[in-house]
file run_26.cif (mmCIF, C-alpha atoms)
data_entry
loop_
_atom_site.label_atom_id
_atom_site.label_comp_id
_atom_site.auth_asym_id
_atom_site.auth_seq_id
_atom_site.Cartn_x
_atom_site.Cartn_y
_atom_site.Cartn_z
CA MET G 1 115.09 101.80 110.55
CA TYR G 2 115.62 101.72 106.79
CA ARG G 3 112.30 101.75 104.91
CA PHE G 4 110.56 103.89 102.33
CA LEU G 5 107.07 104.04 103.83
CA GLY G 6 107.06 106.01 107.06
CA LYS G 7 105.97 104.24 110.24
CA LYS G 8 104.10 107.41 111.10
CA GLU G 9 100.89 108.03 109.15
CA PRO G 10 100.88 110.96 106.71
CA LEU G 11 99.02 114.06 107.80
CA LYS G 12 95.33 114.19 106.80
CA ILE G 13 94.41 117.68 108.04
CA TYR G 14 96.55 120.83 108.12
CA LYS G 15 97.67 122.02 111.54
CA THR G 16 98.47 125.53 110.29
CA GLN G 17 95.51 127.89 110.10
CA SER G 18 95.35 129.40 106.62
CA LYS G 19 92.58 130.31 104.18
CA SER G 20 94.70 129.01 101.32
CA LEU G 21 95.25 125.60 102.92
CA LYS G 22 91.53 125.33 103.67
CA LYS G 23 90.76 126.02 100.01
CA ILE G 24 93.29 123.44 98.81
CA SER G 25 91.81 120.85 101.16
CA ALA G 26 88.24 121.69 100.18
CA VAL G 27 88.88 121.36 96.44
CA ALA G 28 90.92 118.16 96.88
CA SER G 29 88.17 116.53 98.94
CA GLN G 30 85.57 117.44 96.29
CA LEU G 31 87.50 116.11 93.29
CA PRO G 32 85.35 112.97 92.76
CA LYS G 33 82.20 115.11 92.58
CA LEU G 34 83.83 117.87 90.53
CA LEU G 35 85.15 115.35 88.00
CA LEU G 36 81.80 113.59 87.81
CA THR G 37 80.00 116.86 87.02
CA ASN G 38 82.71 118.33 84.77
CA GLN G 39 83.27 121.21 87.20
CA VAL G 40 87.02 120.92 87.90
CA GLN G 41 88.20 123.42 85.28
CA LYS G 42 85.39 125.90 86.07
CA THR G 43 86.17 125.70 89.79
CA ILE G 44 89.89 126.29 89.32
CA ASP G 45 89.48 128.99 86.66
CA ALA G 46 87.24 130.96 89.06
CA LEU G 47 89.96 131.17 91.74
CA ASP G 48 92.29 134.09 92.39
CA LYS G 49 95.92 133.36 91.47
CA ASN G 50 96.99 133.46 95.15
CA ASP G 51 94.18 131.30 96.56
CA PHE G 52 96.41 128.20 96.89
CA SER G 53 99.44 129.89 98.44
CA VAL G 54 101.70 127.48 100.37
CA GLN G 55 104.35 130.00 101.47
CA LYS G 56 103.27 129.85 105.12
CA ILE G 57 104.00 126.12 105.58
CA ILE G 58 107.18 126.39 103.52
CA LYS G 59 108.44 129.22 105.76
CA LEU G 60 107.51 127.17 108.84
CA ASN G 61 109.43 124.21 107.36
CA SER G 62 106.37 122.11 108.20
CA LYS G 63 107.31 118.91 106.37
CA ASP G 64 104.16 116.88 107.08
CA GLU G 65 101.97 119.74 105.86
CA ILE G 66 104.19 120.29 102.83
CA ASN G 67 103.81 116.61 101.87
CA LEU G 68 100.03 116.88 102.29
CA ALA G 69 99.89 120.04 100.18
CA MET G 70 102.09 118.46 97.49
CA SER G 71 99.79 115.45 97.31
CA GLN G 72 96.58 117.49 97.23
CA ILE G 73 97.80 120.04 94.69
CA SER G 74 99.18 117.22 92.51
CA PHE G 75 95.75 115.56 92.51
CA ILE G 76 94.01 118.87 91.75
CA ALA G 77 96.48 119.66 88.95
CA HIS G 78 96.07 116.27 87.28
CA ALA G 79 92.30 116.50 87.59
CA TYR G 80 92.49 119.89 85.85
CA ILE G 81 94.79 118.63 83.07
CA TRP G 82 93.08 115.30 82.38
CA GLY G 83 89.53 115.90 83.62
CA ASP G 84 88.02 117.01 80.31
CA SER G 85 87.54 115.41 76.89
CA LYS G 86 90.92 116.85 75.84
CA PRO G 87 93.91 117.58 78.10
CA ARG G 88 94.55 121.20 79.06
CA GLN G 89 97.86 122.54 77.79
CA VAL G 90 98.13 125.48 80.21
CA LEU G 91 97.99 125.07 83.98
CA PRO G 92 96.71 128.25 85.72
CA GLU G 93 99.03 130.13 88.06
CA VAL G 94 96.80 129.38 91.05
CA ILE G 95 97.99 125.76 90.75
CA SER G 96 101.29 126.07 88.90
CA LYS G 97 102.99 128.47 91.34
CA PRO G 98 102.35 126.54 94.58
CA TRP G 99 103.11 123.28 92.76
CA VAL G 100 106.51 124.58 91.64
CA ASP G 101 107.18 126.09 95.09
CA LEU G 102 106.47 122.76 96.78
CA SER G 103 108.46 120.76 94.25
CA ASN G 104 111.48 123.02 94.73
CA TYR G 105 111.29 122.45 98.47
CA LEU G 106 110.87 118.67 98.11
CA GLY G 107 113.51 118.23 95.41
CA ARG G 108 111.37 116.53 92.80
CA PRO G 109 109.41 117.75 89.73
CA PRO G 110 105.96 119.39 89.82
CA ILE G 111 104.00 116.35 88.67
CA LEU G 112 101.99 113.66 90.46
CA SER G 113 104.70 111.18 91.48
CA TYR G 114 104.56 107.89 93.35
CA ALA G 115 105.51 109.62 96.61
CA SER G 116 102.41 111.84 96.53
CA TYR G 117 100.12 109.18 95.04
CA CYS G 118 101.08 106.40 97.44
CA LEU G 119 103.69 107.07 100.14
CA ASP G 120 102.08 110.29 101.46
CA ASN G 121 98.47 109.43 100.67
CA TRP G 122 97.16 106.91 103.22
CA TYR G 123 95.91 106.51 106.75
CA LYS G 124 94.93 103.66 109.05
CA ILE G 125 91.21 103.27 109.68
CA ASN G 126 92.01 101.96 113.15
CA PRO G 127 95.20 103.75 114.32
CA LYS G 128 95.89 101.04 116.90
CA LYS G 129 96.06 98.25 114.34
CA PRO G 130 98.86 97.53 111.81
CA ILE G 131 98.97 98.42 108.13
CA THR G 132 96.90 95.81 106.29
CA LEU G 133 94.60 95.82 103.29
CA ASP G 134 91.58 95.90 105.60
CA ASN G 135 92.92 98.82 107.64
CA VAL G 136 94.27 101.30 105.06
CA ALA G 137 92.35 104.06 103.25
CA LEU G 138 93.35 106.94 100.96
CA ILE G 139 93.46 110.63 101.82
CA ASN G 140 93.07 111.84 98.22
CA ASN G 141 91.23 110.38 95.23
CA PHE G 142 90.32 111.28 91.68
CA LEU G 143 87.01 109.55 91.01
CA GLY G 144 87.20 107.36 94.10
CA GLY G 145 85.59 103.95 94.41
CA VAL G 146 86.76 100.44 95.27
CA ASP G 147 89.02 99.93 92.23
CA GLU G 148 90.97 103.17 92.58
CA ASP G 149 91.41 102.76 96.34
CA TRP G 150 92.46 99.12 96.06
CA PHE G 151 95.01 99.87 93.35
CA VAL G 152 96.78 102.37 95.60
CA THR G 153 96.33 100.65 98.98
CA ILE G 154 97.86 97.48 97.50
CA HIS G 155 100.99 99.56 96.86
CA VAL G 156 100.89 101.09 100.35
CA CYS G 157 100.79 97.61 101.89
CA ILE G 158 103.57 96.40 99.58
CA GLU G 159 105.76 99.30 100.74
CA ASP G 160 105.07 98.37 104.35
CA ALA G 161 105.67 94.64 103.82
CA ALA G 162 108.95 95.38 102.07
CA GLY G 163 110.27 97.26 105.10
CA ASP G 164 112.02 94.20 106.57
CA ALA G 165 113.62 93.41 103.20
CA ILE G 166 114.94 96.97 102.90
CA GLU G 167 116.36 96.88 106.43
CA ALA G 168 118.00 93.49 105.84
CA ALA G 169 119.35 94.54 102.44
CA LYS G 170 120.91 97.61 104.02
CA LYS G 171 122.70 95.44 106.61
CA LEU G 172 123.76 93.02 103.89
CA SER G 173 125.28 95.84 101.85
CA THR G 174 127.59 96.81 104.73
CA MET G 175 128.96 93.31 105.32
CA ASN G 176 132.50 92.25 104.45
CA ARG G 177 134.83 89.26 104.81
CA ASN G 178 134.83 89.64 108.59
CA ASN G 179 131.16 88.74 108.79
CA SER G 180 130.17 85.15 109.47
CA LEU G 181 128.18 82.83 107.25
CA LYS G 182 125.30 83.18 109.72
CA ASP G 183 125.37 86.98 109.40
CA PHE G 184 124.78 86.75 105.68
CA LEU G 185 122.28 83.93 105.96
CA ASP G 186 120.13 85.75 108.53
CA GLU G 187 119.71 88.81 106.33
CA LEU G 188 119.05 86.81 103.16
CA LYS G 189 116.32 84.86 104.94
CA LYS G 190 114.74 88.12 106.14
CA ILE G 191 114.76 89.46 102.58
CA LYS G 192 113.16 86.27 101.25
CA LYS G 193 110.46 86.20 103.93
CA SER G 194 109.62 89.88 103.45
CA LEU G 195 109.39 89.53 99.65
CA LYS G 196 107.12 86.51 99.97
CA ASN G 197 104.74 88.76 101.91
CA VAL G 198 105.08 91.42 99.20
CA ASN G 199 104.19 88.92 96.48
CA THR G 200 101.21 87.63 98.45
CA ILE G 201 99.84 91.17 98.71
CA PHE G 202 100.57 91.91 95.05
CA SER G 203 98.68 88.78 93.98
CA LYS G 204 95.49 90.24 95.51
CA MET G 205 95.29 93.13 93.01
CA PRO G 206 92.52 91.53 90.85
CA GLU G 207 90.29 90.90 93.87
CA LYS G 208 89.00 94.50 93.99
CA CYS G 209 90.59 96.29 91.06
CA ASP G 210 88.94 95.38 87.77
CA PRO G 211 91.13 95.75 84.63
CA TYR G 212 88.39 97.53 82.66
CA VAL G 213 87.71 100.04 85.44
CA TYR G 214 91.42 100.59 86.02
CA TYR G 215 92.10 101.29 82.34
CA HIS G 216 89.20 103.69 81.85
CA ARG G 217 88.65 105.24 85.29
CA VAL G 218 91.96 105.12 87.21
CA ARG G 219 94.83 105.19 84.72
CA PRO G 220 93.90 108.32 82.69
CA TYR G 221 94.47 110.70 85.62
CA ILE G 222 98.02 109.62 86.42
CA PHE G 223 99.62 110.29 83.03
CA GLY G 224 102.55 112.65 82.69
CA THR G 225 103.45 115.13 79.97
CA LYS G 226 106.64 113.55 78.62
CA ASP G 227 106.36 111.13 75.67
CA ASN G 228 102.61 111.57 75.84
CA PRO G 229 100.97 111.64 72.38
CA ASP G 230 98.07 113.71 73.77
CA LEU G 231 100.41 116.47 75.00
CA LYS G 232 103.06 116.57 72.31
CA LYS G 233 103.84 120.22 73.03
CA GLY G 234 104.14 119.66 76.76
CA LEU G 235 102.44 121.57 79.58
CA ILE G 236 102.80 125.29 80.26
CA TYR G 237 102.90 126.17 83.97
CA GLU G 238 101.49 129.69 83.84
CA ASN G 239 104.12 132.28 84.85
CA GLN G 240 106.58 129.53 85.81
CA PHE G 241 109.62 128.26 83.83
CA ASP G 242 109.40 131.46 81.70
CA ASN G 243 106.12 130.06 80.34
CA LYS G 244 108.06 127.45 78.36
CA PRO G 245 106.37 124.03 78.01
CA GLN G 246 107.60 121.38 80.45
CA PHE G 247 107.81 117.62 80.01
CA PHE G 248 107.64 115.35 83.06
CA ARG G 249 107.01 111.62 83.48
CA GLY G 250 103.75 110.40 84.94
CA GLU G 251 103.21 108.44 88.15
CA THR G 252 104.43 104.85 87.88
CA GLY G 253 105.51 101.99 90.12
CA ALA G 254 108.98 102.44 88.62
CA GLN G 255 109.26 105.43 90.98
CA SER G 256 109.08 103.10 93.99
CA SER G 257 112.51 102.71 95.60
CA ILE G 258 112.04 99.10 96.73
CA ILE G 259 113.26 97.16 93.68
CA PRO G 260 116.15 99.54 92.75
CA PHE G 261 117.36 99.34 96.35
CA LEU G 262 117.22 95.53 96.39
CA ASP G 263 118.87 95.37 92.97
CA GLY G 264 121.70 97.51 94.33
CA ALA G 265 122.17 95.53 97.54
CA LEU G 266 122.02 92.14 95.82
CA GLY G 267 124.13 93.17 92.81
CA ILE G 268 121.42 92.74 90.17
CA TYR G 269 122.49 94.70 87.11
CA HIS G 270 120.53 95.67 84.02
CA SER G 271 122.09 96.09 80.59
CA ASN G 272 122.82 99.64 79.57
CA ASP G 273 120.12 100.71 77.13
CA ASN G 274 117.24 103.18 76.84
CA LEU G 275 115.20 101.27 79.39
CA LYS G 276 117.96 101.45 82.00
CA HIS G 277 118.24 105.17 81.27
CA TYR G 278 114.50 105.46 81.90
CA LEU G 279 114.81 103.68 85.28
CA ASN G 280 117.62 105.99 86.30
CA GLU G 281 115.47 108.95 85.24
CA MET G 282 112.70 107.70 87.55
CA ARG G 283 114.97 108.41 90.50
CA ASP G 284 114.52 112.13 89.86
CA TYR G 285 110.89 111.66 90.92
CA MET G 286 111.75 109.93 94.20
CA PRO G 287 112.26 111.82 97.46
CA PRO G 288 115.96 112.83 97.48
CA LYS G 289 116.57 110.84 100.68
CA HIS G 290 115.35 107.65 99.00
CA ARG G 291 117.42 108.39 95.91
CA LYS G 292 120.54 108.72 98.06
CA MET G 293 119.78 105.46 99.88
CA ILE G 294 119.78 103.63 96.54
CA GLU G 295 122.99 105.30 95.37
CA ASP G 296 124.75 104.49 98.65
CA VAL G 297 123.83 100.82 98.59
CA GLU G 298 124.89 100.49 94.95
CA LYS G 299 128.32 101.94 95.75
CA LYS G 300 128.98 99.99 98.95
CA SER G 301 127.49 96.53 98.56
CA GLN G 302 129.97 93.68 98.14
CA ALA G 303 127.32 91.10 98.99
CA LYS G 304 127.11 89.26 95.67
CA ASN G 305 130.88 88.73 95.39
CA LEU G 306 131.10 87.47 98.97
CA ILE G 307 128.01 85.26 98.73
CA HIS G 308 129.34 83.71 95.52
CA LYS G 309 131.96 81.80 97.54
CA SER G 310 129.47 79.78 99.61
CA LYS G 311 127.03 77.15 98.30
CA THR G 312 124.79 77.62 101.34
CA LEU G 313 124.56 81.34 100.73
CA THR G 314 124.14 81.08 96.96
CA HIS G 315 121.07 78.89 97.45
CA GLU G 316 119.45 81.46 99.75
CA TYR G 317 120.58 84.32 97.50
CA ASN G 318 118.92 82.66 94.51
CA LEU G 319 115.70 82.27 96.48
CA CYS G 320 115.73 86.04 97.07
CA LEU G 321 116.23 86.68 93.37
CA GLU G 322 113.40 84.29 92.60
CA GLU G 323 111.01 86.38 94.73
CA ILE G 324 112.11 89.51 92.85
CA ARG G 325 111.63 87.65 89.55
CA LYS G 326 108.14 86.59 90.65
CA PHE G 327 107.30 90.20 91.48
CA ARG G 328 108.45 91.35 88.05
CA ALA G 329 106.61 88.47 86.36
CA LYS G 330 103.38 89.38 88.17
CA HIS G 331 103.84 93.01 87.14
CA LEU G 332 104.19 91.88 83.53
CA GLU G 333 101.06 89.76 83.86
CA TYR G 334 99.09 92.74 85.18
CA ALA G 335 100.42 95.01 82.44
CA ALA G 336 99.07 92.53 79.89
CA SER G 337 95.62 92.18 81.48
CA TYR G 338 95.12 95.73 82.83
CA ILE G 339 96.55 97.68 79.89
CA HIS G 340 97.46 95.70 76.77
CA LYS G 341 94.28 93.59 76.67
CA GLN G 342 92.05 96.57 77.51
CA ALA G 343 93.60 98.58 74.69
CA GLN G 344 92.36 96.01 72.18
CA MET G 345 88.73 96.53 73.17
CA ASN G 346 86.40 99.13 71.71
CA SER G 347 84.79 101.29 74.37
CA ASP G 348 82.92 104.57 74.63
CA VAL G 349 83.74 104.85 78.32
CA GLY G 350 86.69 107.08 79.10
CA THR G 351 90.16 106.46 77.73
CA GLY G 352 93.21 104.59 78.89
CA GLY G 353 95.48 106.90 76.94
CA SER G 354 98.60 105.52 75.26
CA THR G 355 98.31 101.78 74.68
CA VAL G 356 101.96 101.10 73.94
CA ARG G 357 103.41 103.12 76.78
CA GLY G 358 102.90 103.06 80.51
CA THR G 359 101.85 106.04 82.59
CA GLY G 360 105.51 107.02 82.86
CA GLY G 361 105.88 107.11 79.08
CA THR G 362 107.95 103.95 78.58
CA PRO G 363 107.21 100.98 76.27
CA PHE G 364 106.17 98.98 79.32
CA MET G 365 105.81 95.40 78.01
CA LYS G 366 109.33 95.32 76.61
CA TYR G 367 110.71 96.92 79.78
CA LEU G 368 109.00 94.49 82.16
CA LYS G 369 110.00 91.37 80.21
CA LYS G 370 113.60 92.53 80.03
CA HIS G 371 114.00 93.10 83.73
CA ARG G 372 112.17 89.94 84.69
CA ASP G 373 114.54 87.89 82.51
CA GLU G 374 117.67 89.75 83.64
CA THR G 375 116.78 89.01 87.27
CA HIS G 376 116.47 85.29 86.54
CA ASN G 377 119.68 85.19 84.51
CA GLN G 378 121.74 86.67 87.35
CA LYS G 379 121.13 83.87 89.79
CA ILE G 380 124.44 82.41 90.93
#
call {"tool": "encode", "arguments": {"input": "run_26.cif", "output": "structure tokens"}}
result
Amino acid sequence: MYRFLGKKEPLKIYKTQSKSLKKISAVASQLPKLLLTNQVQKTIDALDKNDFSVQKIIKLNSKDEINLAMSQISFIAHAYIWGDSKPRQVLPEVISKPWVDLSNYLGRPPILSYASYCLDNWYKINPKKPITLDNVALINNFLGGVDEDWFVTIHVCIEDAAGDAIEAAKKLSTMNRNNSLKDFLDELKKIKKSLKNVNTIFSKMPEKCDPYVYYHRVRPYIFGTKDNPDLKKGLIYENQFDNKPQFFRGETGAQSSIIPFLDGALGIYHSNDNLKHYLNEMRDYMPPKHRKMIEDVEKKSQAKNLIHKSKTLTHEYNLCLEEIRKFRAKHLEYAASYIHKQAQMNSDVGTGGSTVRGTGGTPFMKYLKKHRDETHNQKI
């Protein structure tokens, strides 16, 4: 089945016996307490450079354990970089080497990306029940608490709810003139129904994630090093990349594959400018398999041209685009209340970082408005 969130739960505990993996797990599980007491940097600086070795699971080709290690080391690294009054500009070898090793294996940069923050960072409280907001919890946290958990579990449930839309969009992208009107209609209806569920889940964000808490307690830990005014010289990964500073984008919902995949299948195009370039750049942070799924559907889908010839299909097609527009409009609304509005307030509590740019380093308000409007304008 085509989907971006695995049906199987991510691994919570390493199966391979290793002192290094035990240390990684121990530090990751203690992050909320270490951040609270300003002990993250001291804890990491006291380690031996080989204490977080991941070579054993890489040699075993243990993919579930590799995903767990990538998530945990990403959380530890970001806590180290952003967990003090000023960001650290050098990441110690004990973190930088395993992070680079894992990223090379996984085919994406050594930075906390959406895959490690969301897709590989959840479990079901009751394994026998489905993925719902009252049955999903996080494996890794920064500070922890209701707001941080809710922010991420909302995205986990969105990924799950979008599964039917992704499957239907894949089928739609393979259709041609030999397919019947009913074939097209069935898949469009599945996409619409699935996206309605997505938008219902997305609308629940304010119920347990407060904008003030998000801006000051959740957002600061997921920033990247590219286009970040607080790390203008980038981040040095000690004894990696010839000790030259590196610049990578931070974790952002733009690294989710759902909307780019649906855009590709439904023939929604965005004008060629810096913002489109940024979206294409976000694909480098996706799992390579997901990236290829998007590229394939963009190349193969003839759906929009074929749907254009039928009034019945164009109506259903436009309803699908309306659900995507609603999603983008809601995202814009949240960006205004969770980031833009918070940035206008004086506060001594924490920092939300850049107020004009999102966690990925893009001028987010302009970007979100543009893509919301382009979606609406491409209705048939």
call {"tool": "residues_around", "arguments": {"input": "run_26.cif", "residues": "stretch 263-273 of chain G", "least_positions_apart": "2", "cutoff": "6 Å", "atoms": "only C-alpha atoms", "output": "PyMOL selection string"}}
result
chain G and resi 169+173+259-261+275-276+297-298+301+304
call {"tool": "resolve_selection", "arguments": {"input": "run_26.cif", "expression": "the PyMOL selection byres ((chain G and resi 35-51) around 7)", "output": "JSON, numbers by chain"}}
result
{"G": [20, 31, 32, 33, 34, 52, 53, 79, 80, 83, 93, 94, 143]}
call {"tool": "closest_residue", "arguments": {"input": "run_26.cif", "among": "G:Gln342, G:Ser96, G:Asn135, G:Asn228", "to": "G:Gln240", "atoms": "only C-alpha atoms"}}
result
G:Ser96
call {"tool": "closest_residue", "arguments": {"input": "run_26.cif", "among": "G:Leu262, G:Ile81, G:Met70, G:Leu5", "to": "G:Ala28", "atoms": "all atoms listed in the file"}}
result
G:Met70
call {"tool": "atom_distance", "arguments": {"input": "run_26.cif", "atom1": "atom CA of G:Lys23", "atom2": "atom CA of G:Asp242"}}
result
26.7 Å
call {"tool": "residues_near_point", "arguments": {"input": "run_26.cif", "point": "(115.8, 108.4, 87.8)", "cutoff": "12 Å", "atoms": "all atoms listed in the file", "output": "PyMOL selection string"}}
result
chain G and resi 108-109+248-249+252+254-257+260+275-288+290-292+294-295+360
call {"tool": "write_last_selection", "arguments": {"input": "run_26.cif", "atoms": "C-alpha atoms", "output": "PDB file, in the coordinates of the input"}}
result
ATOM      1  CA  ARG G 108     111.370 116.530  92.800  1.00  0.00           C
ATOM      2  CA  PRO G 109     109.410 117.750  89.730  1.00  0.00           C
ATOM      3  CA  PHE G 248     107.640 115.350  83.060  1.00  0.00           C
ATOM      4  CA  ARG G 249     107.010 111.620  83.480  1.00  0.00           C
ATOM      5  CA  THR G 252     104.430 104.850  87.880  1.00  0.00           C
ATOM      6  CA  ALA G 254     108.980 102.440  88.620  1.00  0.00           C
ATOM      7  CA  GLN G 255     109.260 105.430  90.980  1.00  0.00           C
ATOM      8  CA  SER G 256     109.080 103.100  93.990  1.00  0.00           C
ATOM      9  CA  SER G 257     112.510 102.710  95.600  1.00  0.00           C
ATOM     10  CA  PRO G 260     116.150  99.540  92.750  1.00  0.00           C
ATOM     11  CA  LEU G 275     115.200 101.270  79.390  1.00  0.00           C
ATOM     12  CA  LYS G 276     117.960 101.450  82.000  1.00  0.00           C
ATOM     13  CA  HIS G 277     118.240 105.170  81.270  1.00  0.00           C
ATOM     14  CA  TYR G 278     114.500 105.460  81.900  1.00  0.00           C
ATOM     15  CA  LEU G 279     114.810 103.680  85.280  1.00  0.00           C
ATOM     16  CA  ASN G 280     117.620 105.990  86.300  1.00  0.00           C
ATOM     17  CA  GLU G 281     115.470 108.950  85.240  1.00  0.00           C
ATOM     18  CA  MET G 282     112.700 107.700  87.550  1.00  0.00           C
ATOM     19  CA  ARG G 283     114.970 108.410  90.500  1.00  0.00           C
ATOM     20  CA  ASP G 284     114.520 112.130  89.860  1.00  0.00           C
ATOM     21  CA  TYR G 285     110.890 111.660  90.920  1.00  0.00           C
ATOM     22  CA  MET G 286     111.750 109.930  94.200  1.00  0.00           C
ATOM     23  CA  PRO G 287     112.260 111.820  97.460  1.00  0.00           C
ATOM     24  CA  PRO G 288     115.960 112.830  97.480  1.00  0.00           C
ATOM     25  CA  HIS G 290     115.350 107.650  99.000  1.00  0.00           C
ATOM     26  CA  ARG G 291     117.420 108.390  95.910  1.00  0.00           C
ATOM     27  CA  LYS G 292     120.540 108.720  98.060  1.00  0.00           C
ATOM     28  CA  ILE G 294     119.780 103.630  96.540  1.00  0.00           C
ATOM     29  CA  GLU G 295     122.990 105.300  95.370  1.00  0.00           C
ATOM     30  CA  GLY G 360     105.510 107.020  82.860  1.00  0.00           C
TER      31      GLY G 360
END
call {"tool": "decode", "arguments": {"input": "run_26.cif", "residues": "stretch 290-323 of chain G", "atoms": "C-alpha atoms", "output": "PDB file, in the first residue's frame"}}
result
ATOM      1  CA  HIS G 290       9.307   8.986  -0.479  1.00  0.00           C
ATOM      2  CA  ARG G 291      11.205  11.407  -2.694  1.00  0.00           C
ATOM      3  CA  LYS G 292      11.104   8.906  -5.555  1.00  0.00           C
ATOM      4  CA  MET G 293       7.371   8.314  -5.065  1.00  0.00           C
ATOM      5  CA  ILE G 294       6.749  12.037  -5.579  1.00  0.00           C
ATOM      6  CA  GLU G 295       9.007  12.212  -8.640  1.00  0.00           C
ATOM      7  CA  ASP G 296       7.333   9.173 -10.205  1.00  0.00           C
ATOM      8  CA  VAL G 297       3.815  10.503  -9.765  1.00  0.00           C
ATOM      9  CA  GLU G 298       4.799  13.902 -11.166  1.00  0.00           C
ATOM     10  CA  LYS G 299       6.218  12.279 -14.301  1.00  0.00           C
ATOM     11  CA  LYS G 300       3.401   9.805 -14.933  1.00  0.00           C
ATOM     12  CA  SER G 301       0.135  11.446 -13.937  1.00  0.00           C
ATOM     13  CA  GLN G 302      -2.172  12.441 -16.790  1.00  0.00           C
ATOM     14  CA  ALA G 303      -5.123  12.775 -14.427  1.00  0.00           C
ATOM     15  CA  LYS G 304      -5.787  16.500 -14.740  1.00  0.00           C
ATOM     16  CA  ASN G 305      -5.839  16.477 -18.555  1.00  0.00           C
ATOM     17  CA  LEU G 306      -8.180  13.481 -18.630  1.00  0.00           C
ATOM     18  CA  ILE G 307     -10.463  14.780 -15.883  1.00  0.00           C
ATOM     19  CA  HIS G 308     -10.744  18.132 -17.667  1.00  0.00           C
ATOM     20  CA  LYS G 309     -12.956  16.508 -20.325  1.00  0.00           C
ATOM     21  CA  SER G 310     -15.770  15.508 -17.953  1.00  0.00           C
ATOM     22  CA  LYS G 311     -18.043  17.864 -15.985  1.00  0.00           C
ATOM     23  CA  THR G 312     -18.807  15.131 -13.453  1.00  0.00           C
ATOM     24  CA  LEU G 313     -15.125  14.556 -12.799  1.00  0.00           C
ATOM     25  CA  THR G 314     -14.180  18.235 -12.745  1.00  0.00           C
ATOM     26  CA  HIS G 315     -16.687  18.840  -9.946  1.00  0.00           C
ATOM     27  CA  GLU G 316     -15.173  16.059  -7.823  1.00  0.00           C
ATOM     28  CA  TYR G 317     -11.645  17.141  -8.765  1.00  0.00           C
ATOM     29  CA  ASN G 318     -12.380  20.681  -7.589  1.00  0.00           C
ATOM     30  CA  LEU G 319     -13.691  19.337  -4.284  1.00  0.00           C
ATOM     31  CA  CYS G 320     -10.341  17.583  -3.782  1.00  0.00           C
ATOM     32  CA  LEU G 321      -8.474  20.807  -4.515  1.00  0.00           C
ATOM     33  CA  GLU G 322     -10.742  22.630  -2.085  1.00  0.00           C
ATOM     34  CA  GLU G 323      -9.697  20.253   0.720  1.00  0.00           C
TER      35      GLU G 323
END
